[in-house]
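What follows is a set of notes on a single structure, which appears directly below.
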Amino acid sequence: MRDVHKGASAGHGEVVVVTGASGGVGRATAVAFAARGARVALLARGREGLAAAADEVRRAGGEALVVGVDVADAKAVDDAAQQVVDAFGPIDVWVNNAFAGVFAPFTEVTPDEFRRVTEVTYLGYVFGTRAALHHMLPRDRGTIVQVGSALAYRGIPLQSAYCGAKHAIQGFNESLRCELLHTGSGVRTTMVQLPGLNTPQFDWVLNRMPGRARPVAPVYQPEVAARAIVHAASHGKRREYWVGGSTAATLIANAVAPGFLDRYLARTGFGSQQDDGPHGGPGNLWAPADGPHGRDHGAHGRFDDEAVSGSPQDWVSRNRGRMGAGLVAAGVGGLGAAVTAGLRRRGRRGPSRGR
């Protein structure tokens with residue numbers, strides 16, 4: 001599937017590829033790039049979501065190329081990259097974002113389901129990166145942004161396949177970055193670690209728990225993530241960005257007291273990831289959530305009432321060069337100490353009453 005939509009002010013901006021662009025963070029990111037006049041290639045499976053995303057990109061001032069693709073298919077991803085080059089020219093930015101998930105204890109996830117999550121969420125990034133490098137390395141320029149998560153460092157219950165894939169992406173990206181630095185390549189790769197976000201994914205994941213899946217609070221709007229991803233694409237020399245105070249707190253606490261976090265999450269991790277109400281549907285593991293006769297789910301999920309639209313920590317992360325290394329180091333150290341103390345106090349109060 002291929003369809004091009006032109007915005008009135010698109011011009012000839014940078015060429016950006018976004019996987020998982022039909023909804024959630026990918027959708028918000030595509031629109032954010034379009035607002036800068038970019039030509040955006042939208043890669044995903046769902047026809048309804050892709051068509052609506054293309055319309056948003058056009059209205060934001062960009063140009064949209066719709067390419068229906070399953071990122072777990074390496075050849076299909078290579079073909080999609082070539083379609084982008086044929087339509088728009090050389091690729092400047094490639095954003096790996098597509099994923100799938102199963103919301104259940106590990107023992108209730110079948111081998112085929114675990115494999116599928118791994119193929120989409122991890123190998124999809126590998127295949128996307130390989131396709132991007134095929135076009136970027138000969139030009140010795142371009143940036144690859146890996147959309148990660150706090151769960152790339154800190155595994156949590158009920159998301160073993162997803163956490164495993166995000167950990168794998170982290171290791172893969174570090175290895176690739178070392179190789180690019182070794183050769184002195186002008187191609188950059190960076191990773192953006194995200195917090196819990198208000199996206200439709202929590203009604204898309206295959207869910208075997210009694211409650212509806214939800215993000216661990218605090219919840220941020222997907223536009224917070226999109227701003228960080230767009231910034232990272234323009235500042236690819238930086239190896240990693242943390243988005244949201246909860247991401248920073250989690251990663252620092254995990255570095256300081258990982259064993260304590262294991263026990264803390266064993267007590268609270270089940271209840272904090274569920275709420276009341278019916279499940280959203282059959283999930284999108286094997287087929288797009290919008291289905292052959294479905295609807296567009298947009299960028300936002302059902303948590304608008306609690307989601308926040310800004311993050312002071314994200315601003316600090318993007319502007320740390322202005323603030324001075326000493327000030328940032330002092331702030332990070334203080335945050336780590338405060339988080340660890342807070343977790344210990346909460347741990348002494350006993351387990352959560354959630355499911």
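In the structure tokens, each chain is lettered A, B, ... as it comes, each chain's residues begin at 1, and ligands are numbered from 1 in order of appearance.
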
Set the distance at 8 Å and use only C-alpha atoms: which residues neighbour A:Cys163 once local chain neighbours fewer than 4 positions away are removed? I'd like the list as a list in words.
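Once the adjacent positions are removed, what remains is Leu151, Ala152, Arg154, Gly155, Ile156, Gln159 and His167 of chain A.
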
Residues of stretch 89-327 of chain A in helix (DSSP H, G or I), written as a ChimeraX atom specification
/A:106-108,111-139,150-152,160-183,201-204,222-234,245-256,258-268,271-273,312-318,320-323,325-327

Can you list, as a ChimeraX atom specification, every residue of stretch 86-239 of chain A that DSSP puts in strand (DSSP E)?
/A:93-96,102-103,142-147,187-193,206-207,212-213

Would you mind exporting the chosen residues as a PDB file, in the first residue's frame, restricted to C-alpha atoms?
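Contents of result15.pdb, as written:
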ATOM      1  CA  VAL A  93      15.990  10.281   9.761  1.00  0.00           C
ATOM      2  CA  TRP A  94      14.684   6.805  10.537  1.00  0.00           C
ATOM      3  CA  VAL A  95      12.607   6.384  13.724  1.00  0.00           C
ATOM      4  CA  ASN A  96      12.112   2.810  14.941  1.00  0.00           C
ATOM      5  CA  VAL A 102       1.237  -9.485  25.575  1.00  0.00           C
ATOM      6  CA  PHE A 103      -0.071  -8.488  28.990  1.00  0.00           C
ATOM      7  CA  GLY A 142      21.665  10.348   8.646  1.00  0.00           C
ATOM      8  CA  THR A 143      20.266   9.655  12.098  1.00  0.00           C
ATOM      9  CA  ILE A 144      18.531   6.554  13.447  1.00  0.00           C
ATOM     10  CA  VAL A 145      16.376   7.068  16.536  1.00  0.00           C
ATOM     11  CA  GLN A 146      15.494   3.988  18.568  1.00  0.00           C
ATOM     12  CA  VAL A 147      12.356   4.620  20.616  1.00  0.00           C
ATOM     13  CA  VAL A 187      25.688   8.259  10.557  1.00  0.00           C
ATOM     14  CA  ARG A 188      24.340   8.649  14.098  1.00  0.00           C
ATOM     15  CA  THR A 189      22.219   6.404  16.269  1.00  0.00           C
ATOM     16  CA  THR A 190      20.588   7.456  19.512  1.00  0.00           C
ATOM     17  CA  MET A 191      17.935   6.076  21.865  1.00  0.00           C
ATOM     18  CA  VAL A 192      15.039   7.823  23.610  1.00  0.00           C
ATOM     19  CA  GLN A 193      13.829   6.142  26.824  1.00  0.00           C
ATOM     20  CA  LEU A 206      -3.204  -9.114  24.029  1.00  0.00           C
ATOM     21  CA  ASN A 207      -4.451  -9.160  27.621  1.00  0.00           C
ATOM     22  CA  ARG A 212      -7.702  -3.593  31.655  1.00  0.00           C
ATOM     23  CA  ALA A 213      -4.054  -2.860  30.964  1.00  0.00           C
TER      24      ALA A 213
END

Got a sec: who's within 8 Å of A:Ala226, counting only C-alpha atoms, leaving out chain neighbours fewer than 3 positions off, as a PyMOL selection string?
chain A and resi 25-26+28-29+32+222-223+229-230

From the options A:Val15, A:Ala217, A:Ala30, A:Leu158, which residue's atoms come nearest to A:Phe106, counting only C-alpha atoms?
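Smallest distance to A:Phe106 is found for A:Leu158.
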
Write out as a PDB file with C-alpha atoms, in the first residue's frame the residues lying within 7 Å of A:Gly196, counting only C-alpha atoms and excluding same-chain residues fewer than 5 positions away.
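Output file around-v1.pdb follows:
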ATOM      1  CA  PRO A 215       0.450   2.489  32.143  1.00  0.00           C
ATOM      2  CA  VAL A 216       2.177   2.870  35.482  1.00  0.00           C
ATOM      3  CA  ALA A 217       1.551   6.413  36.740  1.00  0.00           C
ATOM      4  CA  PRO A 218       2.490   9.176  36.170  1.00  0.00           C
ATOM      5  CA  VAL A 219       1.167   9.164  32.608  1.00  0.00           C
ATOM      6  CA  TYR A 220       2.435  11.539  29.917  1.00  0.00           C
TER       7      TYR A 220
END

A:Gly68 surroundings by only C-alpha atoms, 9 Å radius, close-in-sequence under 5 positions cut, as a ChimeraX atom specification:
/A:1-2,42-47,50,80

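Among the candidates A:Asp275, A:Glu113, A:Glu48, A:Glu63, the residue lying nearest to A:Phe202 is A:Asp275 (atoms considered: only C-alpha atoms).
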
Which is closest to A:Tyr122 among A:Phe33, A:Trp242, A:Phe270, A:Phe172, if we use only C-alpha atoms?
A:Phe172

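Counting only C-alpha atoms and comparing A:Met209, A:Asp290, A:Tyr153, A:Asp203, the residue that lies closest to A:Asn254 is A:Tyr153.
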